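Shown next: model_11.tsv, given as TSV, C-alpha atoms.
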chain	number	residue	atom	x	y	z
A	1	MET	CA	-1.59	-7.21	36.28
A	2	ILE	CA	0.28	-10.46	36.99
A	3	PHE	CA	-2.85	-12.54	37.62
A	4	PRO	CA	-4.66	-11.74	34.31
A	5	SER	CA	-1.40	-12.23	32.47
A	6	LEU	CA	-0.99	-15.67	34.04
A	7	ILE	CA	-4.56	-16.63	33.13
A	8	PHE	CA	-3.97	-15.57	29.53
A	9	LYS	CA	-0.81	-17.65	29.28
A	10	ILE	CA	-2.51	-20.72	30.74
A	11	ALA	CA	-5.48	-20.30	28.40
A	12	PHE	CA	-3.08	-19.88	25.50
A	13	ILE	CA	-1.27	-23.14	26.29
A	14	LEU	CA	-4.54	-25.03	26.84
A	15	LEU	CA	-5.86	-23.87	23.48
A	16	VAL	CA	-2.73	-25.09	21.70
A	17	ALA	CA	-2.96	-28.42	23.49
A	18	PHE	CA	-6.61	-28.73	22.48
A	19	LEU	CA	-5.87	-27.99	18.81
A	20	ASN	CA	-3.03	-30.46	18.90
A	21	LYS	CA	-5.33	-33.14	20.32
A	22	VAL	CA	-8.05	-32.42	17.74
A	23	SER	CA	-5.62	-32.67	14.85
A	24	ASN	CA	-4.24	-35.97	16.19
A	25	SER	CA	-7.76	-37.37	16.54
A	26	LEU	CA	-8.52	-36.38	12.94
A	27	ILE	CA	-5.49	-38.26	11.73
A	28	ASP	CA	-6.47	-41.48	13.57
A	29	SER	CA	-10.23	-41.19	13.02
A	30	PRO	CA	-11.88	-44.05	11.06
A	31	ILE	CA	-14.49	-41.53	9.90
A	32	LEU	CA	-12.06	-40.26	7.27
A	33	GLU	CA	-12.09	-43.69	5.65
A	34	SER	CA	-15.89	-43.76	5.21
A	35	ILE	CA	-16.71	-40.23	4.09
A	36	PRO	CA	-18.33	-39.76	0.67
A	37	GLY	CA	-16.11	-39.05	-2.31
A	38	ASP	CA	-17.17	-35.42	-2.79
A	39	ILE	CA	-16.46	-34.63	0.87
A	40	ALA	CA	-13.18	-36.49	0.60
A	41	ILE	CA	-12.24	-34.19	-2.27
A	42	GLU	CA	-13.06	-31.15	-0.12
A	43	GLN	CA	-10.91	-32.56	2.65
A	44	ASN	CA	-8.09	-33.08	0.18
A	45	ASP	CA	-8.37	-29.49	-1.08
A	46	PHE	CA	-8.38	-28.23	2.49
A	47	VAL	CA	-5.29	-30.26	3.31
A	48	LYS	CA	-3.46	-29.05	0.22
A	49	SER	CA	-4.44	-25.42	0.83
A	50	TYR	CA	-2.58	-25.54	4.12
A	51	GLY	CA	0.37	-27.45	2.70
A	52	LEU	CA	-0.57	-30.48	4.79
A	53	ASP	CA	-0.21	-33.28	2.26
A	54	PRO	CA	0.16	-35.92	3.62
A	55	VAL	CA	-2.19	-35.49	6.59
A	56	GLY	CA	0.49	-36.89	8.89
A	57	ASN	CA	2.24	-33.51	8.73
A	58	LEU	CA	-0.58	-31.81	10.63
A	59	VAL	CA	1.44	-31.53	13.83
A	60	SER	CA	5.02	-31.85	12.63
A	61	ILE	CA	7.45	-29.35	14.13
A	62	GLU	CA	9.98	-28.04	11.66
A	63	VAL	CA	11.75	-24.75	12.30
A	64	PRO	CA	13.68	-23.53	9.23
A	65	GLU	CA	17.25	-22.37	9.73
A	66	ASP	CA	16.30	-18.86	8.65
A	67	ALA	CA	14.06	-18.49	11.69
A	68	ASN	CA	17.13	-18.51	13.94
A	69	LEU	CA	19.54	-16.51	11.76
A	70	ASP	CA	19.91	-12.78	12.39
A	71	PHE	CA	20.27	-10.20	9.62
A	72	ASN	CA	24.01	-10.80	9.33
A	73	GLY	CA	23.53	-14.56	9.16
A	74	LEU	CA	20.85	-14.30	6.48
A	75	ALA	CA	22.92	-11.87	4.41
A	76	LYS	CA	25.92	-14.20	4.53
A	77	LYS	CA	23.82	-17.28	3.73
A	78	TYR	CA	22.39	-15.64	0.61
A	79	GLY	CA	25.69	-14.41	-0.74
A	80	HIS	CA	26.01	-10.85	0.53
A	81	PRO	CA	27.97	-10.56	3.81
A	82	CYS	CA	26.94	-7.27	5.32
A	83	GLU	CA	28.47	-4.41	7.25
A	84	GLU	CA	27.05	-2.77	10.35
A	85	HIS	CA	27.09	1.00	10.68
A	86	TYR	CA	25.88	3.11	13.57
A	87	ILE	CA	24.20	6.49	13.14
A	88	GLU	CA	24.08	9.00	15.99
A	89	SER	CA	21.21	11.45	15.71
A	90	GLU	CA	21.14	15.03	16.89
A	91	ASP	CA	19.24	14.11	20.07
A	92	GLY	CA	21.61	11.29	21.05
A	93	TYR	CA	19.89	8.15	19.77
A	94	ILE	CA	22.05	5.54	18.06
A	95	THR	CA	20.50	3.43	15.31
A	96	LYS	CA	21.97	0.45	13.46
A	97	LEU	CA	22.24	0.53	9.67
A	98	PHE	CA	22.94	-2.66	7.69
A	99	HIS	CA	24.86	-2.37	4.42
A	100	LEU	CA	25.10	-4.85	1.55
A	101	PRO	CA	27.87	-3.26	-0.57
A	102	GLY	CA	27.21	-2.74	-4.25
A	103	ASP	CA	27.48	-0.05	-6.90
A	104	LYS	CA	28.01	3.19	-4.94
A	105	LYS	CA	26.32	5.10	-7.73
A	106	ARG	CA	23.04	3.37	-6.88
A	107	PRO	CA	22.45	3.63	-3.12
A	108	VAL	CA	19.01	2.49	-1.92
A	109	LEU	CA	17.67	2.90	1.62
A	110	MET	CA	14.84	0.75	3.00
A	111	MET	CA	12.89	1.58	6.15
A	112	HIS	CA	10.56	-0.86	7.93
A	113	GLY	CA	7.20	-0.40	9.63
A	114	ILE	CA	6.07	-0.22	13.24
A	115	PHE	CA	7.04	-3.09	15.59
A	116	ASP	CA	9.39	-4.27	12.84
A	117	SER	CA	13.09	-4.18	11.96
A	118	ALA	CA	15.50	-4.44	9.04
A	119	ASP	CA	15.09	-8.22	9.23
A	120	THR	CA	11.77	-8.00	7.40
A	121	PHE	CA	13.49	-7.01	4.14
A	122	ILE	CA	15.72	-10.11	4.09
A	123	ILE	CA	13.78	-13.01	5.65
A	124	ARG	CA	12.51	-14.21	2.24
A	125	GLY	CA	16.07	-15.16	1.33
A	126	ASN	CA	16.82	-15.02	-2.39
A	127	ARG	CA	13.31	-13.67	-3.01
A	128	SER	CA	13.64	-10.90	-0.44
A	129	MET	CA	13.86	-7.28	-1.43
A	130	ALA	CA	17.31	-6.72	0.10
A	131	ILE	CA	18.91	-9.73	-1.61
A	132	SER	CA	17.11	-9.12	-4.91
A	133	LEU	CA	18.41	-5.55	-5.05
A	134	ALA	CA	21.90	-6.62	-4.01
A	135	ASN	CA	21.90	-9.29	-6.71
A	136	THR	CA	21.15	-6.64	-9.33
A	137	GLY	CA	24.03	-4.45	-8.16
A	138	TYR	CA	22.39	-1.85	-5.95
A	139	ASP	CA	24.24	-0.50	-2.93
A	140	VAL	CA	21.73	-1.67	-0.32
A	141	TRP	CA	21.24	0.05	3.03
A	142	VAL	CA	18.60	-1.21	5.46
A	143	GLY	CA	17.75	0.98	8.42
A	144	ASN	CA	16.29	0.43	11.87
A	145	MET	CA	14.01	2.80	13.75
A	146	ARG	CA	15.03	3.95	17.18
A	147	GLY	CA	13.85	1.65	19.97
A	148	ASN	CA	13.61	-1.59	18.01
A	149	LYS	CA	15.73	-4.63	18.88
A	150	HIS	CA	18.68	-3.38	16.79
A	151	SER	CA	18.55	0.24	17.98
A	152	ARG	CA	18.09	0.30	21.75
A	153	ARG	CA	21.00	2.68	22.32
A	154	HIS	CA	21.54	6.28	23.39
A	155	VAL	CA	24.62	8.28	24.30
A	156	THR	CA	23.40	8.80	27.88
A	157	LEU	CA	20.07	6.99	28.43
A	158	ASN	CA	19.59	3.31	29.26
A	159	PRO	CA	16.43	1.84	27.65
A	160	ASP	CA	16.06	-0.65	30.51
A	161	LYS	CA	16.37	1.91	33.29
A	162	ASP	CA	15.48	5.35	31.93
A	163	PRO	CA	11.84	5.93	30.89
A	164	GLU	CA	13.04	9.10	29.14
A	165	PHE	CA	14.60	6.90	26.48
A	166	TRP	CA	11.11	6.00	25.22
A	167	ASN	CA	9.90	9.59	24.93
A	168	PHE	CA	9.71	9.58	21.14
A	169	SER	CA	7.41	8.86	18.22
A	170	TYR	CA	7.95	8.79	14.47
A	171	HIS	CA	8.11	12.60	14.60
A	172	GLU	CA	11.63	12.38	16.05
A	173	MET	CA	12.55	9.59	13.64
A	174	ALA	CA	11.62	11.87	10.75
A	175	LEU	CA	13.24	14.97	12.20
A	176	TYR	CA	16.51	13.44	13.44
A	177	ASP	CA	17.15	9.78	12.54
A	178	LEU	CA	16.22	9.62	8.87
A	179	PRO	CA	18.06	12.83	7.84
A	180	ALA	CA	21.18	11.66	9.69
A	181	THR	CA	20.94	8.27	7.97
A	182	ILE	CA	20.55	9.76	4.50
A	183	ASP	CA	23.44	12.16	5.03
A	184	TYR	CA	25.60	9.28	6.25
A	185	ILE	CA	24.83	7.19	3.16
A	186	LEU	CA	25.48	10.11	0.80
A	187	GLY	CA	28.77	10.84	2.55
A	188	HIS	CA	29.80	7.19	2.34
A	189	THR	CA	28.91	6.79	-1.34
A	190	GLY	CA	29.82	10.27	-2.61
A	191	GLN	CA	26.39	10.60	-4.24
A	192	THR	CA	23.89	13.46	-3.98
A	193	ARG	CA	20.68	11.40	-4.03
A	194	ILE	CA	19.40	8.01	-2.89
A	195	TYR	CA	16.61	5.66	-3.85
A	196	GLY	CA	14.13	5.20	-1.00
A	197	ILE	CA	11.78	2.34	-0.13
A	198	GLY	CA	9.42	2.49	2.83
A	199	HIS	CA	6.94	0.06	4.31
A	200	SER	CA	3.99	1.24	6.42
A	201	LEU	CA	5.42	3.58	9.10
A	202	GLY	CA	8.64	3.67	7.10
A	203	ASN	CA	6.71	5.82	4.61
A	204	ASN	CA	5.46	8.18	7.30
A	205	ILE	CA	8.95	9.15	8.33
A	206	PHE	CA	9.97	9.84	4.72
A	207	PHE	CA	6.87	11.98	4.12
A	208	ALA	CA	7.20	13.80	7.44
A	209	MET	CA	10.89	14.45	6.89
A	210	THR	CA	10.42	15.94	3.42
A	211	SER	CA	7.60	18.08	4.81
A	212	MET	CA	9.48	19.41	7.82
A	213	LEU	CA	12.84	19.50	6.03
A	214	PRO	CA	11.92	20.16	2.37
A	215	GLN	CA	15.58	20.40	1.38
A	216	TYR	CA	15.71	16.60	1.65
A	217	ASN	CA	13.40	16.24	-1.36
A	218	LYS	CA	16.45	16.97	-3.49
A	219	LYS	CA	18.32	14.10	-1.83
A	220	ILE	CA	15.79	11.44	-2.92
A	221	ARG	CA	15.87	10.29	-6.53
A	222	ILE	CA	12.79	8.02	-6.38
A	223	PHE	CA	10.71	6.90	-3.41
A	224	ILE	CA	8.70	3.64	-3.45
A	225	SER	CA	5.95	3.53	-0.84
A	226	LEU	CA	4.67	0.08	0.22
A	227	ALA	CA	1.43	-0.02	2.24
A	228	PRO	CA	1.56	3.71	3.11
A	229	ALA	CA	0.07	4.41	6.53
A	230	VAL	CA	-0.18	8.20	6.47
A	231	HIS	CA	-3.95	8.13	7.08
A	232	LEU	CA	-5.37	4.82	8.27
A	233	ASP	CA	-8.76	5.30	6.64
A	234	ASN	CA	-9.23	1.73	5.41
A	235	ILE	CA	-8.24	-0.35	8.42
A	236	LYS	CA	-10.90	-2.82	9.54
A	237	LEU	CA	-11.92	-4.53	12.72
A	238	PRO	CA	-10.34	-5.44	15.06
A	239	THR	CA	-7.41	-3.19	14.12
A	240	ARG	CA	-9.70	-0.15	13.93
A	241	ILE	CA	-10.65	-0.66	17.56
A	242	LEU	CA	-7.04	-0.01	18.55
A	243	ALA	CA	-7.16	3.30	16.67
A	244	VAL	CA	-10.53	4.44	18.01
A	245	LEU	CA	-9.61	3.49	21.56
A	246	SER	CA	-6.10	4.95	21.38
A	247	PRO	CA	-6.75	7.40	24.29
A	248	LEU	CA	-7.80	4.47	26.50
A	249	ASN	CA	-4.87	2.37	25.31
A	250	ASN	CA	-2.53	5.24	26.11
A	251	TYR	CA	-4.05	5.65	29.57
A	252	LEU	CA	-3.67	1.94	30.36
A	253	LEU	CA	-0.14	1.63	29.02
A	254	LYS	CA	1.03	4.81	30.73
A	255	GLY	CA	-0.70	3.86	33.99
A	256	THR	CA	1.07	0.49	34.10
A	257	GLY	CA	4.44	1.95	33.17
A	258	GLN	CA	4.60	0.24	29.77
A	259	GLU	CA	6.85	2.59	27.81
A	260	GLU	CA	8.32	-0.17	25.60
A	261	ILE	CA	5.71	-2.33	23.94
A	262	LEU	CA	5.81	-5.60	21.93
A	263	ALA	CA	9.52	-6.16	22.41
A	264	ASP	CA	10.82	-9.44	21.00
A	265	SER	CA	12.18	-10.49	24.39
A	266	THR	CA	8.77	-10.69	26.11
A	267	ILE	CA	7.51	-14.01	27.48
A	268	LEU	CA	4.55	-13.94	25.10
A	269	PHE	CA	6.73	-13.97	22.00
A	270	LYS	CA	9.02	-16.59	23.48
A	271	ILE	CA	5.93	-18.78	23.84
A	272	LEU	CA	4.77	-17.99	20.30
A	273	ARG	CA	8.13	-19.04	18.88
A	274	LYS	CA	7.63	-22.42	20.51
A	275	VAL	CA	3.95	-22.80	19.56
A	276	CYS	CA	3.64	-21.36	16.04
A	277	PRO	CA	5.83	-24.02	14.32
A	278	ILE	CA	3.53	-26.83	15.60
A	279	GLY	CA	2.03	-27.71	12.24
A	280	LEU	CA	-1.64	-26.94	11.62
A	281	PRO	CA	-2.51	-26.05	15.26
A	282	GLY	CA	0.29	-23.48	15.35
A	283	TYR	CA	-0.69	-22.04	11.98
A	284	ILE	CA	-4.35	-21.70	12.93
A	285	LEU	CA	-3.52	-20.06	16.23
A	286	CYS	CA	-0.74	-17.73	15.10
A	287	ALA	CA	-1.68	-16.93	11.51
A	288	GLU	CA	-5.42	-17.42	11.21
A	289	LEU	CA	-6.41	-16.12	14.65
A	290	ILE	CA	-3.76	-13.44	15.26
A	291	ILE	CA	-1.75	-12.21	12.27
A	292	PHE	CA	-4.57	-12.31	9.70
A	293	TYR	CA	-7.00	-10.56	12.04
A	294	ILE	CA	-4.56	-7.74	12.61
A	295	GLY	CA	-2.73	-7.43	9.29
A	296	GLY	CA	-5.20	-8.81	6.74
A	297	TYR	CA	-5.98	-12.28	5.42
A	298	ASP	CA	-3.74	-13.74	2.74
A	299	ARG	CA	-2.69	-17.36	3.16
A	300	ALA	CA	-0.71	-17.33	-0.11
A	301	GLU	CA	1.61	-14.63	1.24
A	302	LEU	CA	2.08	-16.25	4.65
A	303	GLU	CA	2.28	-19.95	3.97
A	304	ARG	CA	2.70	-22.47	6.78
A	305	GLU	CA	6.35	-23.21	6.03
A	306	PHE	CA	7.23	-19.52	6.22
A	307	LEU	CA	5.36	-18.72	9.45
A	308	PRO	CA	8.17	-19.88	11.81
A	309	VAL	CA	10.59	-17.59	9.97
A	310	VAL	CA	8.27	-14.61	10.46
A	311	ILE	CA	7.71	-15.40	14.14
A	312	GLY	CA	11.46	-15.77	14.58
A	313	HIS	CA	12.01	-12.15	13.57
A	314	VAL	CA	8.97	-10.19	14.77
A	315	THR	CA	8.03	-8.19	16.68
A	316	SER	CA	10.89	-5.85	17.44
A	317	GLY	CA	9.34	-3.35	19.81
A	318	THR	CA	8.72	0.38	19.88
A	319	SER	CA	7.65	3.10	22.30
A	320	ARG	CA	4.18	3.60	23.69
A	321	LYS	CA	4.24	7.13	22.33
A	322	ASN	CA	5.06	5.97	18.81
A	323	PHE	CA	2.23	3.43	18.83
A	324	ILE	CA	-0.29	6.01	20.04
A	325	HIS	CA	0.91	8.58	17.50
A	326	LEU	CA	0.27	6.15	14.65
A	327	ALA	CA	-3.06	5.02	16.13
A	328	GLN	CA	-4.25	8.63	16.18
A	329	SER	CA	-3.95	8.67	12.39
A	330	GLY	CA	-6.64	6.00	12.25
A	331	LYS	CA	-9.11	8.11	14.19
A	332	TYR	CA	-9.42	10.48	11.25
A	333	GLY	CA	-10.93	7.68	9.19
A	334	VAL	CA	-14.17	8.09	11.16
A	335	PRO	CA	-16.90	9.56	8.89
A	336	GLY	CA	-17.38	13.27	9.33
A	337	ARG	CA	-13.82	13.95	10.45
A	338	LYS	CA	-11.51	15.76	8.12
A	339	PRO	CA	-7.85	14.73	8.35
A	340	PRO	CA	-5.40	17.54	9.00
A	341	ARG	CA	-3.19	18.64	6.17
A	342	VAL	CA	0.24	17.18	6.78
A	343	PHE	CA	3.32	16.42	4.74
A	344	SER	CA	2.47	19.36	2.46
A	345	GLY	CA	6.10	19.96	1.55
A	346	CYS	CA	6.74	16.46	0.16
A	347	TRP	CA	7.28	16.48	-3.60
A	348	SER	CA	9.74	13.66	-4.23
A	349	PHE	CA	8.75	11.37	-7.10
A	350	CYS	CA	6.83	8.53	-5.44
A	351	PHE	CA	5.33	5.18	-6.37
A	352	LEU	CA	2.52	4.05	-4.07
A	353	GLU	CA	1.71	0.34	-3.74
A	354	ARG	CA	-1.65	-0.54	-2.20
A	355	THR	CA	-3.82	-3.63	-2.05
A	356	SER	CA	-7.35	-4.27	-0.84
A	357	ARG	CA	-6.52	-7.74	0.53
A	358	ARG	CA	-4.33	-6.49	3.36
A	359	TRP	CA	-5.43	-4.15	6.11
A	360	ALA	CA	-1.98	-3.31	7.41
A	361	GLY	CA	0.34	-4.91	4.87
A	362	ALA	CA	3.44	-7.07	5.16
A	363	PRO	CA	6.78	-6.31	3.50
A	364	TRP	CA	7.51	-9.92	2.55
A	365	ALA	CA	4.40	-9.74	0.33
A	366	TRP	CA	6.34	-7.42	-2.01
A	367	ALA	CA	9.55	-9.41	-1.76
A	368	THR	CA	9.90	-9.98	-5.51
A	369	ILE	CA	8.99	-6.57	-6.94
A	370	SER	CA	12.62	-5.85	-7.73
A	371	SER	CA	13.21	-9.05	-9.71
Written as structure tokens, that's how I'd like the structure from this file.
Amino acid sequence: MIFPSLIFKIAFILLVAFLNKVSNSLIDSPILESIPGDIAIEQNDFVKSYGLDPVGNLVSIEVPEDANLDFNGLAKKYGHPCEEHYIESEDGYITKLFHLPGDKKRPVLMMHGIFDSADTFIIRGNRSMAISLANTGYDVWVGNMRGNKHSRRHVTLNPDKDPEFWNFSYHEMALYDLPATIDYILGHTGQTRIYGIGHSLGNNIFFAMTSMLPQYNKKIRIFISLAPAVHLDNIKLPTRILAVLSPLNNYLLKGTGQEEILADSTILFKILRKVCPIGLPGYILCAELIIFYIGGYDRAELEREFLPVVIGHVTSGTSRKNFIHLAQSGKYGVPGRKPPRVFSGCWSFCFLERTSRRWAGAPWAWATISS
């Protein structure tokens, strides 16, 4: 496995170097001075569409401060110093819960999607969902799923040494972590119900919890579901391939001992954090060729200036089992297959937010819905 990995990394670096060279040659090329006016206009529109005016910014490297600030740093920067709370679940996992104090009568809990973390709800700064809600007085709580970069803890198991730590999927998150989190928030605020906001897999755990533990329907005042991923019927290529080939993916990951996947500390993501801020080449490679192919194409929602901030905070890791569990949901989108009836006990009042432009969705796309 080392040799293919090395080849991939070398190819990755060579591609970035090539794009960098091409962009530099475009800047210095005399051809740009002699092109017809109508083509020159198209070039100008292209440049502006990428935020590359003037053209000399094609390869500039500018990493915004927010790319290097953690959740606490971002909260403090945007006027809401936060608290950290730790929730111990019934099966021994310890998850981190961020709190932006506000009106205790209006507690709201946000849960992120797969490979993500609480960071995703605050990286848009003043436009982010966490800060927008805090600015309007809500008591904001932002959770983390077990196994991500903020929640790699257990009362007895070591995530770096004990494979048993990674023996979970979103089933356990719904059965143990989310109920414990909700009860903690209600106990802290003295309220009987919370507002809930989920993104992608964050919705699954709410729906699964209220199905398996229907008494928790009464503890949710309103639930807002962003990019719900209960049944992945509408995912497109190449993301659908991951769902259809989930048995093979599981076999390969399990066979190579990969129980934690897409952790933020991997060499690949360390390379991406160096490469993605490199102007147009970095944007084409990271956004156009990777993120948009997986999560859906929308340049307006992931502009070039914001890309380094995103790369600075994702991905956050999860278990192999959790990834495969979610991928199995996509298999039922194959024509002729009837999805099983799940979440039948969920009856909390929900708002569902969907869009045809995204295949998987991104929480920063809904950053201003609360304003």
| Which of A:Ile205, A:Ile87, A:Ala300, A:Ile122 sits closest to Phe71 in chain A [using all atoms listed in the file] |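 For Phe71 in chain A, the nearest of the given residues is A:Ile122.
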| Proximity to Ser151 in chain A - best of A:Asp139, A:Asp183, A:Asp116, A:Glu164, all atoms listed in the file | A:Asp116
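The two atoms in question, CA of Val155 in chain A and CA of Thr192 in chain A, are spaced 28.8 Å apart.
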| CA of Asp298 in chain A and CA of Arg127 in chain A, how far apart in Å? | 18.0 Å
| request: Rounded to one decimal place, report the CA of Thr266 in chain A-CA of Arg152 in chain A distance in Å. | output: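 Separating CA of Thr266 in chain A from CA of Arg152 in chain A is a distance of 15.1 Å.
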| task | Can you pull out every residue within 12 Å of Ser316 in chain A, counting all atoms listed in the file, but drop anything in the same chain fewer than 2 positions away, and send it as a count of residues only? | result | 33
| Distance query range 90-102 of chain A at most 9 Å, all atoms listed in the file, self and fewer than 3 positions along chain excluded, as an MDAnalysis selection string | chainID A and resid 71:72 75 80:87 105:107 118 130:131 134:148 150:157 165 172 176:177 180:181
Mind dumping the selected residues with C-alpha atoms as a PDB file, in the coordinates of the input?
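part_0.pdb, written as the output of this step:
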ATOM      1  CA  PHE A  71      20.270 -10.200   9.620  1.00  0.00           C
ATOM      2  CA  ASN A  72      24.010 -10.800   9.330  1.00  0.00           C
ATOM      3  CA  ALA A  75      22.920 -11.870   4.410  1.00  0.00           C
ATOM      4  CA  HIS A  80      26.010 -10.850   0.530  1.00  0.00           C
ATOM      5  CA  PRO A  81      27.970 -10.560   3.810  1.00  0.00           C
ATOM      6  CA  CYS A  82      26.940  -7.270   5.320  1.00  0.00           C
ATOM      7  CA  GLU A  83      28.470  -4.410   7.250  1.00  0.00           C
ATOM      8  CA  GLU A  84      27.050  -2.770  10.350  1.00  0.00           C
ATOM      9  CA  HIS A  85      27.090   1.000  10.680  1.00  0.00           C
ATOM     10  CA  TYR A  86      25.880   3.110  13.570  1.00  0.00           C
ATOM     11  CA  ILE A  87      24.200   6.490  13.140  1.00  0.00           C
ATOM     12  CA  LYS A 105      26.320   5.100  -7.730  1.00  0.00           C
ATOM     13  CA  ARG A 106      23.040   3.370  -6.880  1.00  0.00           C
ATOM     14  CA  PRO A 107      22.450   3.630  -3.120  1.00  0.00           C
ATOM     15  CA  ALA A 118      15.500  -4.440   9.040  1.00  0.00           C
ATOM     16  CA  ALA A 130      17.310  -6.720   0.100  1.00  0.00           C
ATOM     17  CA  ILE A 131      18.910  -9.730  -1.610  1.00  0.00           C
ATOM     18  CA  ALA A 134      21.900  -6.620  -4.010  1.00  0.00           C
ATOM     19  CA  ASN A 135      21.900  -9.290  -6.710  1.00  0.00           C
ATOM     20  CA  THR A 136      21.150  -6.640  -9.330  1.00  0.00           C
ATOM     21  CA  GLY A 137      24.030  -4.450  -8.160  1.00  0.00           C
ATOM     22  CA  TYR A 138      22.390  -1.850  -5.950  1.00  0.00           C
ATOM     23  CA  ASP A 139      24.240  -0.500  -2.930  1.00  0.00           C
ATOM     24  CA  VAL A 140      21.730  -1.670  -0.320  1.00  0.00           C
ATOM     25  CA  TRP A 141      21.240   0.050   3.030  1.00  0.00           C
ATOM     26  CA  VAL A 142      18.600  -1.210   5.460  1.00  0.00           C
ATOM     27  CA  GLY A 143      17.750   0.980   8.420  1.00  0.00           C
ATOM     28  CA  ASN A 144      16.290   0.430  11.870  1.00  0.00           C
ATOM     29  CA  MET A 145      14.010   2.800  13.750  1.00  0.00           C
ATOM     30  CA  ARG A 146      15.030   3.950  17.180  1.00  0.00           C
ATOM     31  CA  GLY A 147      13.850   1.650  19.970  1.00  0.00           C
ATOM     32  CA  ASN A 148      13.610  -1.590  18.010  1.00  0.00           C
ATOM     33  CA  HIS A 150      18.680  -3.380  16.790  1.00  0.00           C
ATOM     34  CA  SER A 151      18.550   0.240  17.980  1.00  0.00           C
ATOM     35  CA  ARG A 152      18.090   0.300  21.750  1.00  0.00           C
ATOM     36  CA  ARG A 153      21.000   2.680  22.320  1.00  0.00           C
ATOM     37  CA  HIS A 154      21.540   6.280  23.390  1.00  0.00           C
ATOM     38  CA  VAL A 155      24.620   8.280  24.300  1.00  0.00           C
ATOM     39  CA  THR A 156      23.400   8.800  27.880  1.00  0.00           C
ATOM     40  CA  LEU A 157      20.070   6.990  28.430  1.00  0.00           C
ATOM     41  CA  PHE A 165      14.600   6.900  26.480  1.00  0.00           C
ATOM     42  CA  GLU A 172      11.630  12.380  16.050  1.00  0.00           C
ATOM     43  CA  TYR A 176      16.510  13.440  13.440  1.00  0.00           C
ATOM     44  CA  ASP A 177      17.150   9.780  12.540  1.00  0.00           C
ATOM     45  CA  ALA A 180      21.180  11.660   9.690  1.00  0.00           C
ATOM     46  CA  THR A 181      20.940   8.270   7.970  1.00  0.00           C
TER      47      THR A 181
END
| request: Point out the residue among A:Arg320, A:His325, A:His171, A:Lys274 with the least atom-to-atom distance to Leu213 in chain A, counting only C-alpha atoms. | output: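 Ranked by minimum distance to Leu213 in chain A, first place goes to A:His171.
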Output range 132-145 of chain A with N, CA and C atoms present, as a PDB file, in the coordinates of the input.
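That gives us out_12.pdb:
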ATOM      1  N   SER A 132      17.418  -9.344  -3.492  1.00  0.00           N
ATOM      2  CA  SER A 132      17.110  -9.120  -4.910  1.00  0.00           C
ATOM      3  C   SER A 132      17.801  -7.862  -5.424  1.00  0.00           C
ATOM      4  N   LEU A 133      17.749  -6.800  -4.647  1.00  0.00           N
ATOM      5  CA  LEU A 133      18.410  -5.550  -5.050  1.00  0.00           C
ATOM      6  C   LEU A 133      19.920  -5.704  -5.049  1.00  0.00           C
ATOM      7  N   ALA A 134      20.454  -6.396  -4.050  1.00  0.00           N
ATOM      8  CA  ALA A 134      21.900  -6.620  -4.010  1.00  0.00           C
ATOM      9  C   ALA A 134      22.359  -7.461  -5.194  1.00  0.00           C
ATOM     10  N   ASN A 135      21.554  -8.447  -5.564  1.00  0.00           N
ATOM     11  CA  ASN A 135      21.900  -9.290  -6.710  1.00  0.00           C
ATOM     12  C   ASN A 135      21.940  -8.514  -8.018  1.00  0.00           C
ATOM     13  N   THR A 136      21.173  -7.444  -8.102  1.00  0.00           N
ATOM     14  CA  THR A 136      21.150  -6.640  -9.330  1.00  0.00           C
ATOM     15  C   THR A 136      22.127  -5.460  -9.257  1.00  0.00           C
ATOM     16  N   GLY A 137      22.950  -5.424  -8.204  1.00  0.00           N
ATOM     17  CA  GLY A 137      24.030  -4.450  -8.160  1.00  0.00           C
ATOM     18  C   GLY A 137      23.808  -3.206  -7.345  1.00  0.00           C
ATOM     19  N   TYR A 138      22.632  -3.039  -6.754  1.00  0.00           N
ATOM     20  CA  TYR A 138      22.390  -1.850  -5.950  1.00  0.00           C
ATOM     21  C   TYR A 138      23.236  -1.860  -4.678  1.00  0.00           C
ATOM     22  N   ASP A 139      23.561  -0.666  -4.210  1.00  0.00           N
ATOM     23  CA  ASP A 139      24.240  -0.500  -2.930  1.00  0.00           C
ATOM     24  C   ASP A 139      23.150  -0.421  -1.869  1.00  0.00           C
ATOM     25  N   VAL A 140      22.926  -1.520  -1.152  1.00  0.00           N
ATOM     26  CA  VAL A 140      21.730  -1.670  -0.320  1.00  0.00           C
ATOM     27  C   VAL A 140      22.011  -1.273   1.129  1.00  0.00           C
ATOM     28  N   TRP A 141      21.185  -0.379   1.632  1.00  0.00           N
ATOM     29  CA  TRP A 141      21.240   0.050   3.030  1.00  0.00           C
ATOM     30  C   TRP A 141      19.868  -0.215   3.656  1.00  0.00           C
ATOM     31  N   VAL A 142      19.858  -0.876   4.802  1.00  0.00           N
ATOM     32  CA  VAL A 142      18.600  -1.210   5.460  1.00  0.00           C
ATOM     33  C   VAL A 142      18.635  -0.648   6.880  1.00  0.00           C
ATOM     34  N   GLY A 143      17.725   0.276   7.146  1.00  0.00           N
ATOM     35  CA  GLY A 143      17.750   0.980   8.420  1.00  0.00           C
ATOM     36  C   GLY A 143      16.902   0.344   9.503  1.00  0.00           C
ATOM     37  N   ASN A 144      17.075   0.852  10.714  1.00  0.00           N
ATOM     38  CA  ASN A 144      16.290   0.430  11.870  1.00  0.00           C
ATOM     39  C   ASN A 144      15.814   1.674  12.621  1.00  0.00           C
ATOM     40  N   MET A 145      14.542   1.678  12.986  1.00  0.00           N
ATOM     41  CA  MET A 145      14.010   2.800  13.750  1.00  0.00           C
ATOM     42  C   MET A 145      14.471   2.739  15.193  1.00  0.00           C
TER      43      MET A 145
END
